[in-house]
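**Q** Have a peek at work07.txt (compact mmCIF, C-alpha atoms).
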# COMPACT_ATOMS: atom_id res chain seq x y z
CA MET Z 178 109.62 178.18 104.76
CA LYS Z 179 108.66 174.82 103.29
CA ARG Z 180 110.98 175.44 100.37
CA ASN Z 181 113.87 176.26 102.71
CA SER Z 182 113.56 172.98 104.56
CA VAL Z 183 113.28 171.02 101.32
CA VAL Z 184 116.46 172.62 99.99
CA PHE Z 185 118.21 171.87 103.25
CA LEU Z 186 117.13 168.26 102.98
CA LEU Z 187 118.11 167.88 99.34
CA ALA Z 188 121.51 169.32 100.12
CA LEU Z 189 122.26 166.32 102.32
CA CYS Z 190 123.57 163.93 99.73
CA PRO Z 191 126.81 165.58 98.66
CA LEU Z 192 127.07 167.60 101.87
CA ILE Z 193 128.34 164.91 104.20
CA PRO Z 194 131.45 163.60 102.41
CA VAL Z 195 132.65 166.82 100.79
CA SER Z 196 132.14 169.02 103.82
CA SER Z 197 134.91 167.47 105.91
CA HIS Z 198 137.23 170.31 104.76
CA PHE Z 199 136.37 173.87 103.85
CA ALA Z 200 138.73 173.54 100.87
CA TYR Z 201 136.62 170.70 99.43
CA ALA Z 202 133.44 172.70 99.94
CA LEU Z 203 134.95 175.70 98.10
CA LEU Z 204 135.85 173.57 95.08
CA ILE Z 205 132.48 171.81 95.01
CA SER Z 206 130.71 175.17 95.31
CA GLY Z 207 132.72 176.38 92.30
CA ALA Z 208 131.70 173.21 90.46
CA PHE Z 209 128.01 173.78 91.26
CA LEU Z 210 128.16 177.36 89.98
CA PHE Z 211 129.96 176.31 86.82
CA TYR Z 212 127.48 173.48 86.13
CA PHE Z 213 124.55 175.80 86.77
CA VAL Z 214 125.78 178.44 84.32
CA SER Z 215 126.74 175.85 81.69
CA GLY Z 216 123.43 174.00 82.26
CA ILE Z 217 121.48 177.18 81.50
CA PHE Z 218 123.62 177.81 78.42
CA PHE Z 219 123.20 174.24 77.12
CA ARG Z 220 119.45 174.28 77.76
CA PHE Z 221 119.22 177.45 75.68
CA VAL Z 222 121.27 175.90 72.85
CA ILE Z 223 119.30 172.63 72.94
CA SER Z 224 115.98 174.48 72.92
CA LYS Z 225 117.13 176.24 69.72
CA ILE Z 226 118.01 172.90 68.10
CA ASN Z 227 114.73 171.39 69.42
CA PRO Z 228 115.51 167.65 69.40
CA GLY Z 229 112.06 166.80 70.82
CA SER Z 230 111.63 164.19 73.55
CA SER Z 231 115.36 163.37 73.65
CA SER Z 232 116.32 166.91 74.74
CA PHE Z 233 116.58 165.73 78.36
CA TYR Z 234 119.30 163.22 77.42
CA PHE Z 235 121.16 165.85 75.42
CA GLU Z 236 121.12 168.08 78.50
CA LEU Z 237 122.52 165.29 80.67
CA ALA Z 238 125.27 164.62 78.13
CA ALA Z 239 126.08 168.34 78.08
CA LEU Z 240 126.29 168.36 81.88
CA ALA Z 241 128.65 165.37 81.71
CA VAL Z 242 130.89 167.32 79.32
CA SER Z 243 130.79 170.32 81.72
CA ALA Z 244 131.77 168.03 84.60
CA THR Z 245 134.69 166.61 82.62
CA PHE Z 246 135.84 170.11 81.74
CA PHE Z 247 135.69 171.26 85.37
CA TYR Z 248 137.45 168.08 86.47
CA GLN Z 249 140.33 168.76 84.06
CA PHE Z 250 140.51 172.37 85.23
CA SER Z 251 140.59 171.30 88.88
CA ALA Z 252 143.14 168.54 88.20
CA PHE Z 253 145.45 171.13 86.64
CA PHE Z 254 145.26 173.71 89.45
CA PHE Z 255 144.52 171.47 92.48
CA PRO Z 256 145.84 168.00 91.57
CA VAL Z 257 145.98 166.67 95.15
CA LEU Z 258 142.46 167.70 96.15
CA THR Z 259 141.02 166.50 92.84
CA VAL Z 260 142.08 162.93 93.66
CA SER Z 261 139.72 162.99 96.66
CA LEU Z 262 136.93 164.87 94.91
CA ASP Z 263 136.81 163.22 91.47
CA ILE Z 264 133.67 161.12 91.96
CA TYR Z 265 131.81 164.08 93.57
CA TYR Z 266 132.51 166.38 90.63
CA PHE Z 267 130.50 163.98 88.46
CA LEU Z 268 127.81 163.25 91.03
CA ALA Z 269 127.29 166.97 91.62
CA ALA Z 270 126.53 167.46 87.93
CA PHE Z 271 123.44 165.25 88.29
CA SER Z 272 122.28 166.29 91.73
CA TYR Z 273 118.68 167.22 92.42
CA VAL Z 274 119.63 170.71 93.63
CA LEU Z 275 121.32 171.55 90.34
CA LEU Z 276 118.69 170.07 88.00
CA LEU Z 277 115.93 171.73 90.00
CA SER Z 278 117.73 175.09 89.80
CA ILE Z 279 118.07 174.86 86.01
CA ASP Z 280 114.36 173.97 85.75
CA TYR Z 281 113.35 176.85 88.05
CA TYR Z 282 115.52 179.29 86.12
CA ALA Z 283 113.82 178.27 82.86
CA VAL Z 284 110.38 178.93 84.40
CA GLN Z 285 110.79 181.72 86.99
CA GLY Z 286 114.18 183.35 86.32
CA PHE Z 287 116.18 184.29 89.40
CA SER Z 288 113.25 184.40 91.87
CA PHE Z 289 114.03 181.07 93.58
CA LEU Z 290 117.15 179.06 92.81
CA PRO Z 291 117.98 176.21 95.22
CA VAL Z 292 121.63 176.17 94.17
CA PHE Z 293 122.17 179.70 95.56
CA ARG Z 294 120.81 178.56 98.92
CA PHE Z 295 122.65 175.28 98.85
CA ILE Z 296 126.12 176.80 98.34
CA PRO Z 297 126.07 178.99 101.52
CA ILE Z 298 124.70 176.02 103.50
CA LEU Z 299 127.53 173.83 102.23
CA LEU Z 300 130.19 176.47 102.97
CA ILE Z 301 128.88 177.35 106.45
CA PHE Z 302 128.42 173.71 107.41
CA SER Z 303 131.90 172.69 106.28
CA LEU Z 304 133.40 175.72 108.02
CA CYS Z 305 131.68 174.81 111.32
CA ARG Z 306 132.54 171.15 110.96
CA GLU Z 307 136.22 171.74 110.27
CA LEU Z 308 136.52 174.42 112.92
CA ILE Z 309 134.96 172.21 115.60
CA GLY Z 310 136.66 169.04 114.35
CA THR Z 311 140.21 170.30 113.74
CA GLY Z 312 140.40 173.73 115.34
CA GLY Z 313 141.13 175.50 112.05
CA ILE Z 314 140.12 175.86 108.43
CA SER Z 315 141.77 174.74 105.22
CA LEU Z 316 141.99 176.47 101.86
CA PRO Z 317 142.77 174.82 98.52
CA VAL Z 318 146.29 175.24 97.16
CA MET Z 319 148.19 173.44 94.42
CA HIS Z 320 149.96 170.93 96.69
CA GLY Z 321 146.94 170.11 98.89
CA PHE Z 322 145.59 172.08 101.84
CA TRP Z 323 146.72 175.36 103.33
CA GLU Z 324 145.71 174.88 106.94
CA ILE Z 325 145.06 177.86 109.20
CA HIS Z 326 144.78 177.09 112.92
CA LEU Z 327 142.28 179.44 114.51
CA LEU Z 328 141.26 177.93 117.85
CA PRO Z 329 144.03 177.98 120.47
CA GLY Z 330 144.26 174.99 122.83
CA PHE Z 331 142.34 172.70 120.50
CA SER Z 332 144.61 169.74 121.37
CA VAL Z 333 143.38 170.02 124.99
CA TRP Z 334 139.63 170.40 124.57
CA GLY Z 335 138.95 169.69 120.88
CA SER Z 336 137.54 166.50 119.38
CA GLY Z 337 138.06 165.14 115.90
CA PHE Z 338 134.71 163.33 116.21
CA TRP Z 339 132.86 166.23 114.57
CA ASN Z 340 134.89 165.77 111.42
CA THR Z 341 133.73 162.16 111.02
CA THR Z 342 130.56 161.10 109.15
CA ALA Z 343 128.76 160.27 112.41
CA GLY Z 344 129.73 163.61 113.93
CA SER Z 345 128.58 165.48 110.86
CA PHE Z 346 125.14 163.85 110.96
CA ILE Z 347 124.72 164.78 114.62
CA LEU Z 348 126.02 168.31 114.00
CA LEU Z 349 123.63 168.70 111.05
CA GLY Z 350 120.78 167.43 113.25
CA PHE Z 351 121.58 170.08 115.88
CA MET Z 352 121.86 172.79 113.23
CA THR Z 353 118.49 171.80 111.72
CA TRP Z 354 116.97 171.88 115.20
CA ILE Z 355 118.36 175.39 115.79
CA VAL Z 356 117.00 176.59 112.42
CA LYS Z 357 113.57 175.07 113.14
CA SER Z 358 113.47 176.58 116.64
CA CYS Z 359 114.48 180.04 115.36
CA ASN Z 360 111.87 179.89 112.58
CA ARG Z 361 109.18 178.87 115.06
CA TYR Z 362 110.20 181.66 117.44
CA LEU Z 363 110.24 184.27 114.66
CA SER Z 364 106.89 183.19 113.19
CA GLY Z 365 105.37 183.27 116.71
CA ARG Z 366 106.71 186.79 117.28
CA ASP Z 367 105.35 187.96 113.90
CA ARG Z 368 101.85 186.72 114.81
CA THR Z 369 101.89 188.62 118.12
CA MET H 143 140.06 140.11 100.03
CA SER H 144 137.40 137.43 100.49
CA THR H 145 133.92 137.76 98.99
CA VAL H 146 132.23 137.99 102.39
CA HIS H 147 134.73 140.57 103.62
CA LEU H 148 134.26 142.71 100.51
CA ILE H 149 130.46 142.72 100.84
CA PHE H 150 130.75 143.34 104.58
CA LEU H 151 133.13 146.26 104.01
CA TYR H 152 131.03 148.02 101.36
CA THR H 153 127.76 147.40 103.20
CA PHE H 154 128.78 148.57 106.66
CA SER H 155 132.10 150.22 107.45
CA CYS H 156 132.82 151.57 103.95
CA SER H 157 129.15 151.93 103.05
CA SER H 158 128.44 153.73 99.79
CA LEU H 159 125.63 155.51 101.60
CA LEU H 160 127.51 156.79 104.63
CA LEU H 161 131.07 157.14 103.42
CA TYR H 162 130.30 158.44 99.94
CA GLY H 163 126.81 159.86 100.48
CA ILE H 164 125.52 157.98 97.41
CA GLY H 165 121.76 157.49 97.62
CA LEU H 166 121.48 159.23 100.98
CA GLU H 167 118.73 161.65 99.93
CA LYS H 168 116.90 158.76 98.23
CA THR H 169 117.04 156.75 101.47
CA PHE H 170 115.73 159.76 103.32
CA PHE H 171 112.71 160.02 101.02
CA GLU H 172 112.10 156.28 100.63
CA SER H 173 112.02 155.76 104.39
CA ARG H 174 108.80 157.78 104.53
CA PRO H 175 105.55 155.78 104.63
CA ARG H 176 104.81 156.05 100.90
CA GLY H 177 108.21 154.99 99.54
CA LEU H 178 107.88 153.32 96.13
CA LEU H 179 111.41 152.17 95.37
CA TYR H 180 110.93 148.57 96.51
CA LYS H 181 108.61 147.96 93.57
CA ARG H 182 111.33 149.13 91.21
CA LEU H 183 114.22 147.42 92.98
CA PRO H 184 114.39 144.23 90.79
CA ILE H 185 114.53 146.29 87.57
CA LEU H 186 117.02 148.72 89.13
CA THR H 187 119.25 145.82 90.22
CA LEU H 188 119.22 144.33 86.73
CA GLU H 189 119.98 147.71 85.11
CA LEU H 190 122.79 148.30 87.61
CA PHE H 191 124.45 144.92 87.04
CA VAL H 192 124.33 145.20 83.25
CA SER H 193 125.59 148.80 83.34
CA VAL H 194 128.52 148.14 85.72
CA LEU H 195 129.67 145.14 83.69
CA ALA H 196 129.48 147.10 80.43
CA ALA H 197 131.23 150.10 82.00
CA GLN H 198 133.94 147.93 83.51
CA PHE H 199 134.50 146.22 80.16
CA LEU H 200 134.83 149.53 78.34
CA VAL H 201 137.15 151.03 80.97
CA LYS H 202 139.35 147.97 81.42
CA GLU H 203 139.60 146.76 77.83
CA VAL H 204 139.43 149.97 75.80
CA LEU H 205 139.96 153.24 77.69
CA ILE H 206 142.80 152.32 80.07
CA PRO H 207 144.91 150.38 77.48
CA HIS H 208 144.59 153.28 75.02
CA SER H 209 145.20 155.96 77.72
CA PHE H 210 141.84 157.70 77.22
CA LEU H 211 141.52 158.24 80.98
CA PHE H 212 139.70 161.56 80.66
CA LEU H 213 136.88 159.79 78.80
CA ILE H 214 136.16 157.34 81.65
CA PRO H 215 133.55 159.43 83.56
CA VAL H 216 131.65 160.55 80.46
CA SER H 217 131.60 157.05 79.01
CA ILE H 218 130.29 155.63 82.31
CA LEU H 219 127.51 158.24 82.26
CA CYS H 220 126.67 157.44 78.63
CA ILE H 221 126.55 153.69 79.33
CA ALA H 222 124.30 154.19 82.36
CA GLY H 223 121.98 156.47 80.36
CA PHE H 224 121.94 154.06 77.42
CA PHE H 225 120.96 151.00 79.48
CA GLN H 226 118.33 152.90 81.43
CA THR H 227 116.82 154.16 78.17
CA VAL H 228 116.87 150.68 76.60
CA SER H 229 115.22 149.26 79.73
CA LYS H 230 112.50 151.91 79.58
CA VAL H 231 111.86 151.30 75.90
CA LEU H 232 111.58 147.54 76.48
CA ARG H 233 109.21 148.06 79.42
CA LYS H 234 107.29 150.78 77.52
CA ASP H 235 107.78 153.08 80.49
CA THR H 236 107.45 156.74 79.52
CA SER H 237 107.96 158.33 82.97
CA TYR H 238 111.22 160.06 83.98
CA SER H 239 113.36 158.45 86.71
CA PRO H 240 113.33 160.54 89.88
CA PRO H 241 116.63 162.54 90.13
CA GLY H 242 117.52 161.00 93.51
CA GLU H 243 117.30 157.54 92.00
CA ARG H 244 119.37 158.55 89.01
CA LEU H 245 122.06 159.92 91.32
CA MET H 246 122.08 156.70 93.32
CA PHE H 247 122.28 154.64 90.14
CA LEU H 248 125.15 156.66 88.66
CA GLY H 249 126.98 156.86 91.99
CA SER H 250 126.82 153.10 92.49
CA ILE H 251 128.23 152.50 88.98
CA PHE H 252 131.02 155.05 89.56
CA LEU H 253 131.91 153.53 92.90
CA ALA H 254 131.91 149.96 91.58
CA VAL H 255 134.05 150.80 88.55
CA PHE H 256 136.48 153.09 90.41
CA GLU H 257 137.01 150.80 93.41
CA SER H 258 137.13 147.37 91.78
CA THR H 259 139.92 145.49 90.07
CA GLY H 260 137.90 142.86 88.19
CA TYR H 261 134.42 141.96 86.99
CA ALA H 262 133.54 139.90 90.08
CA ASP H 263 134.57 142.75 92.40
CA THR H 264 132.43 145.15 90.35
CA LEU H 265 129.36 143.00 90.84
CA LEU H 266 130.08 142.49 94.53
CA ILE H 267 130.54 146.20 95.24
CA SER H 268 127.37 147.14 93.36
CA SER H 269 125.45 144.39 95.23
CA ALA H 270 126.82 145.70 98.53
CA SER H 271 125.73 149.24 97.56
CA LEU H 272 122.18 148.05 96.93
CA PHE H 273 122.18 145.96 100.10
CA SER H 274 123.44 148.92 102.11
CA PHE H 275 120.74 151.12 100.58
CA GLY H 276 117.98 148.60 101.42
CA LEU H 277 119.25 148.07 104.96
CA TRP H 278 119.47 151.78 105.72
CA THR H 279 116.05 152.45 104.26
CA VAL H 280 114.48 149.76 106.45
CA LEU H 281 116.32 151.01 109.56
CA LEU H 282 115.40 154.61 108.86
CA SER H 283 111.72 153.85 108.20
CA SER H 284 111.58 151.91 111.51
CA ILE H 285 113.09 154.91 113.29
CA ARG H 286 110.60 157.27 111.63
CA GLU H 287 107.71 155.01 112.60
CA ARG H 288 108.91 154.95 116.21
CA ILE H 289 109.40 158.73 116.24
CA ASP H 290 105.90 159.37 114.82
CA THR H 291 104.28 157.68 117.81
CA SER H 292 106.59 159.23 120.43
CA ARG H 293 105.99 162.44 122.36
CA LEU H 294 108.98 164.35 121.05
CA GLN H 295 109.43 168.10 121.41
CA ALA H 296 108.03 169.71 118.22
CA ASP H 297 111.30 171.29 117.02
CA TRP H 298 113.13 167.95 117.22
CA ASN H 299 110.47 166.16 115.21
CA GLY H 300 111.26 165.23 111.60
CA THR H 301 114.65 165.96 110.06
CA PRO H 302 116.68 166.91 113.22
CA ILE H 303 116.02 163.71 115.16
CA VAL H 304 116.40 161.52 112.04
CA LEU H 305 119.83 163.08 111.40
CA VAL H 306 120.94 162.50 114.99
CA CYS H 307 119.73 158.88 114.71
CA LEU H 308 121.70 158.50 111.46
CA GLY H 309 124.80 159.72 113.32
CA LEU H 310 124.27 157.20 116.10
CA LEU H 311 123.68 154.37 113.61
CA SER H 312 126.82 155.40 111.80
CA ILE H 313 128.79 155.07 115.04
CA ILE H 314 127.32 151.61 115.60
CA LEU H 315 128.16 150.39 112.10
CA HIS H 316 131.68 151.82 112.21
CA ALA H 317 132.19 149.99 115.48
CA THR H 318 132.77 146.86 113.38
CA ASP H 319 136.09 148.37 112.33
CA VAL H 320 137.40 148.62 115.87
CA SER H 321 135.78 145.69 117.67
CA TRP H 322 138.28 142.90 118.33
CA TRP H 323 135.86 140.02 117.69
CA ILE H 324 135.09 141.21 114.15
CA GLN H 325 138.82 141.59 113.48
CA GLU H 326 139.30 137.99 114.67
CA PHE H 327 136.38 136.82 112.52
CA VAL H 328 137.59 138.31 109.24
CA ARG H 329 141.26 137.47 109.76
Re-express the file's structure as structure tokens.

**A**
Amino acid sequence: MKRNSVVFLLALCPLIPVSSHFAYALLISGAFLFYFVSGIFFRFVISKINPGSSSFYFELAALAVSATFFYQFSAFFFPVLTVSLDIYYFLAAFSYVLLLSIDYYAVQGFSFLPVFRFIPILLIFSLCRELIGTGGISLPVMHGFWEIHLLPGFSVWGSGFWNTTAGSFILLGFMTWIVKSCNRYLSGRDRT
Amino acid sequence: MSTVHLIFLYTFSCSSLLLYGIGLEKTFFESRPRGLLYKRLPILTLELFVSVLAAQFLVKEVLIPHSFLFLIPVSILCIAGFFQTVSKVLRKDTSYSPPGERLMFLGSIFLAVFESTGYADTLLISSASLFSFGLWTVLLSSIRERIDTSRLQADWNGTPIVLVCLGLLSIILHATDVSWWIQEFVR
């Protein structure tokens, strides 16, 4: 339980700006997965070379190379979205969630990996935010977004506020409250 | 854009913390009672200024003229890592930087280099990032202190209410963009 809330908290940093569209969240989730797999691979390679105390810096450099590679890949297939996401591709490569996951994998294997909990949180949150804020969801395509309108009558009752930074904080606050309340209810029921 | 306007913009309405999410998790942790960043802030400021100037020089004078655009992010990361390592060696500090701080440091350098057009702008944007970070940490720790002594419903306590407060503060700071007297002031 404690771990869940910590992961939720750590997920905050990149969550707010890149979760305004579901399409962004999909690409960033792909980036996280790619960095995680390449991070594990590079850690294995670096441990074989055994550069001593500087191995941490070699790992960071390897993550930077992975980020550049993913950036080039994304710029080729999704050039419009990559313009908005460029800085986040590089920030994601050094995020706490990712580095912690690589460390946990080296020690415990697949038993607890924050990145696998962070990605669903990011996707669900961006989906809710875009749905409430725009009345639809967007998917990444080569020339930008492919927007699918799902909620009829959004122009009458909808509000774009939830798609702003302020709205996302308040929405995240409500979601955290719901998660806490549910956990408290479930733990109370288990005791009885 | 005037100096004051630039600092104002990157501290409040276009804050690196709120608009870009850079350093947000660090602010969240530092606003707790035992935050330690303020002790490290002078060193961090010095490292940031030296790194952004070096990164801006490399990008502006070498990488852009020779069309090595794909090398910009990696070279910024290498410069940031290099100056942090040099600083640690000079201070004989053997501890690792916390990841949240590293992210904030790198993010501020990226933002300053990507958004600026000259060396002065780079320094101003990185100063505004630090100022924004300090301001938000102070505001958030005051909010936490007030919440700790209030009789709030248990499920709202902690992260949920802090997030809602962040949202409300964000609305207040973005109000500078739409209020007529600020528009008159910066005109």

**Q** Quick one: of Z:Arg361, Z:His198, Z:His326, Z:Arg306, who's nearest to chain H, counting only C-alpha atoms?

**A** Z:Arg361

**Q** Could you give me, as JSON lines, a per-residue list for chain H showing, wherever an atom lies at most 6 Å from an atom of chain Z, the closest pair of atoms and their distance in Å to one decimal, using only C-alpha atoms and sorting by chain then residue number from low to high?

**A**
{"residue": "H:Tyr162", "atom": "CA", "partner": "Z:Pro194", "partner_atom": "CA", "distance": 5.8}
{"residue": "H:Gly163", "atom": "CA", "partner": "Z:Cys190", "partner_atom": "CA", "distance": 5.3}
{"residue": "H:Leu166", "atom": "CA", "partner": "Z:Cys190", "partner_atom": "CA", "distance": 5.3}
{"residue": "H:Glu167", "atom": "CA", "partner": "Z:Cys190", "partner_atom": "CA", "distance": 5.4}
{"residue": "H:Val216", "atom": "CA", "partner": "Z:Ala241", "partner_atom": "CA", "distance": 5.8}
{"residue": "H:Pro241", "atom": "CA", "partner": "Z:Tyr273", "partner_atom": "CA", "distance": 5.6}
{"residue": "H:Asp297", "atom": "CA", "partner": "Z:Ser358", "partner_atom": "CA", "distance": 5.7}
{"residue": "H:Trp298", "atom": "CA", "partner": "Z:Trp354", "partner_atom": "CA", "distance": 5.9}
{"residue": "H:Pro302", "atom": "CA", "partner": "Z:Gly350", "partner_atom": "CA", "distance": 4.1}
{"residue": "H:Leu305", "atom": "CA", "partner": "Z:Gly350", "partner_atom": "CA", "distance": 4.8}
{"residue": "H:Val306", "atom": "CA", "partner": "Z:Ile347", "partner_atom": "CA", "distance": 4.4}
{"residue": "H:Gly309", "atom": "CA", "partner": "Z:Ala343", "partner_atom": "CA", "distance": 4.1}
{"residue": "H:Ser312", "atom": "CA", "partner": "Z:Ala343", "partner_atom": "CA", "distance": 5.3}
{"residue": "H:Ile313", "atom": "CA", "partner": "Z:Ala343", "partner_atom": "CA", "distance": 5.8}

**Q** Residues proximal to (142.6, 170.1, 95.4) were defined as those with any atom within 9 Å of that point in the file's coordinates, counting all atoms listed in the file. Which are they, as an MDAnalysis selection string?

**A** chainID Z and resid 200:201 204 251:252 254:262 317:322

**Q** Measure the distance from atom CA of Z:Ile205 to atom CA of Z:Leu308 in Å and round it to one decimal.

**A** 18.5 Å

**Q** Figure out the distance between atom CA of Z:Ile298 and atom CA of H:Gly300, please, to one decimal in Å.

**A**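 Value for the atom CA of H:Gly300-atom CA of Z:Ile298 distance: 19.0 Å.
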
**Q** Tell me, as a VMD selection string, which residues lie within 12 Å of stretch 183-196 of chain H, counting all atoms listed in the file; anything in the same chain fewer than 6 positions away does not count.

**A** chain H and resid 172 177 202 to 204 217 to 230 232 to 233 235 239 243 to 244 246 to 258 260 to 273 275 to 276

**Q** What does the structure give for the distance between atom CA of Z:Leu300 and atom CA of Z:Phe199, in Å to one decimal?

**A**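 If I compute the distance from atom CA of Z:Leu300 to atom CA of Z:Phe199, I get 6.8 Å.
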
**Q** With distances taken over all atoms listed in the file, which residue among Z:Phe331, Z:Phe250, Z:Phe287, Z:Tyr282 lies nearest Z:Phe211?

**A** Z:Phe250

**Q** Could the centre and edge lengths of an axis-aligned box, enclosing all atoms of stretch 357-362 of chain Z in the file with 5 Å extra on each side, be given in Å to one decimal as AutoDock Vina command-line options?

**A**
--center_x 111.8 --center_y 178.4 --center_z 115.0 --size_x 15.3 --size_y 16.6 --size_z 14.9

**Q** List the neighbours of Z:Leu328 out to 10 Å using only C-alpha atoms; skip same-chain residues closer than 3 positions along the sequence, and give me the result as a PyMOL selection string.

**A** chain Z and resi 308-309+311-314+325+331-332+335

**Q** Rebuild stretch 297-312 of chain Z to N, CA and C atoms - output it as a PDB file, in the coordinates of the input, please.

**A**
ATOM      1  N   PRO Z 297     125.750 178.460 100.177  1.00  0.00           N
ATOM      2  CA  PRO Z 297     126.070 178.990 101.520  1.00  0.00           C
ATOM      3  C   PRO Z 297     125.915 177.938 102.627  1.00  0.00           C
ATOM      4  N   ILE Z 298     124.891 177.071 102.490  1.00  0.00           N
ATOM      5  CA  ILE Z 298     124.700 176.020 103.500  1.00  0.00           C
ATOM      6  C   ILE Z 298     125.926 175.103 103.520  1.00  0.00           C
ATOM      7  N   LEU Z 299     126.361 174.715 102.338  1.00  0.00           N
ATOM      8  CA  LEU Z 299     127.530 173.830 102.230  1.00  0.00           C
ATOM      9  C   LEU Z 299     128.773 174.494 102.827  1.00  0.00           C
ATOM     10  N   LEU Z 300     128.988 175.770 102.497  1.00  0.00           N
ATOM     11  CA  LEU Z 300     130.190 176.470 102.970  1.00  0.00           C
ATOM     12  C   LEU Z 300     130.145 176.661 104.490  1.00  0.00           C
ATOM     13  N   ILE Z 301     129.000 177.103 105.001  1.00  0.00           N
ATOM     14  CA  ILE Z 301     128.880 177.350 106.450  1.00  0.00           C
ATOM     15  C   ILE Z 301     129.026 176.038 107.224  1.00  0.00           C
ATOM     16  N   PHE Z 302     128.366 174.997 106.711  1.00  0.00           N
ATOM     17  CA  PHE Z 302     128.420 173.710 107.410  1.00  0.00           C
ATOM     18  C   PHE Z 302     129.845 173.154 107.432  1.00  0.00           C
ATOM     19  N   SER Z 303     130.533 173.226 106.308  1.00  0.00           N
ATOM     20  CA  SER Z 303     131.900 172.690 106.280  1.00  0.00           C
ATOM     21  C   SER Z 303     132.839 173.523 107.151  1.00  0.00           C
ATOM     22  N   LEU Z 304     132.586 174.834 107.176  1.00  0.00           N
ATOM     23  CA  LEU Z 304     133.400 175.720 108.020  1.00  0.00           C
ATOM     24  C   LEU Z 304     133.225 175.349 109.499  1.00  0.00           C
ATOM     25  N   CYS Z 305     131.960 175.188 109.920  1.00  0.00           N
ATOM     26  CA  CYS Z 305     131.680 174.810 111.320  1.00  0.00           C
ATOM     27  C   CYS Z 305     132.287 173.455 111.638  1.00  0.00           C
ATOM     28  N   ARG Z 306     132.083 172.520 110.714  1.00  0.00           N
ATOM     29  CA  ARG Z 306     132.540 171.150 110.960  1.00  0.00           C
ATOM     30  C   ARG Z 306     134.058 171.089 111.095  1.00  0.00           C
ATOM     31  N   GLU Z 307     134.761 171.783 110.206  1.00  0.00           N
ATOM     32  CA  GLU Z 307     136.220 171.740 110.270  1.00  0.00           C
ATOM     33  C   GLU Z 307     136.751 172.499 111.479  1.00  0.00           C
ATOM     34  N   LEU Z 308     136.087 173.605 111.780  1.00  0.00           N
ATOM     35  CA  LEU Z 308     136.520 174.420 112.920  1.00  0.00           C
ATOM     36  C   LEU Z 308     136.343 173.637 114.228  1.00  0.00           C
ATOM     37  N   ILE Z 309     135.205 172.977 114.365  1.00  0.00           N
ATOM     38  CA  ILE Z 309     134.960 172.210 115.600  1.00  0.00           C
ATOM     39  C   ILE Z 309     135.794 170.928 115.613  1.00  0.00           C
ATOM     40  N   GLY Z 310     135.969 170.336 114.418  1.00  0.00           N
ATOM     41  CA  GLY Z 310     136.660 169.040 114.350  1.00  0.00           C
ATOM     42  C   GLY Z 310     138.164 169.123 114.351  1.00  0.00           C
ATOM     43  N   THR Z 311     138.741 170.217 113.813  1.00  0.00           N
ATOM     44  CA  THR Z 311     140.210 170.300 113.740  1.00  0.00           C
ATOM     45  C   THR Z 311     140.779 171.562 114.381  1.00  0.00           C
ATOM     46  N   GLY Z 312     139.930 172.493 114.716  1.00  0.00           N
ATOM     47  CA  GLY Z 312     140.400 173.730 115.340  1.00  0.00           C
ATOM     48  C   GLY Z 312     140.896 174.768 114.354  1.00  0.00           C
TER      49      GLY Z 312
END
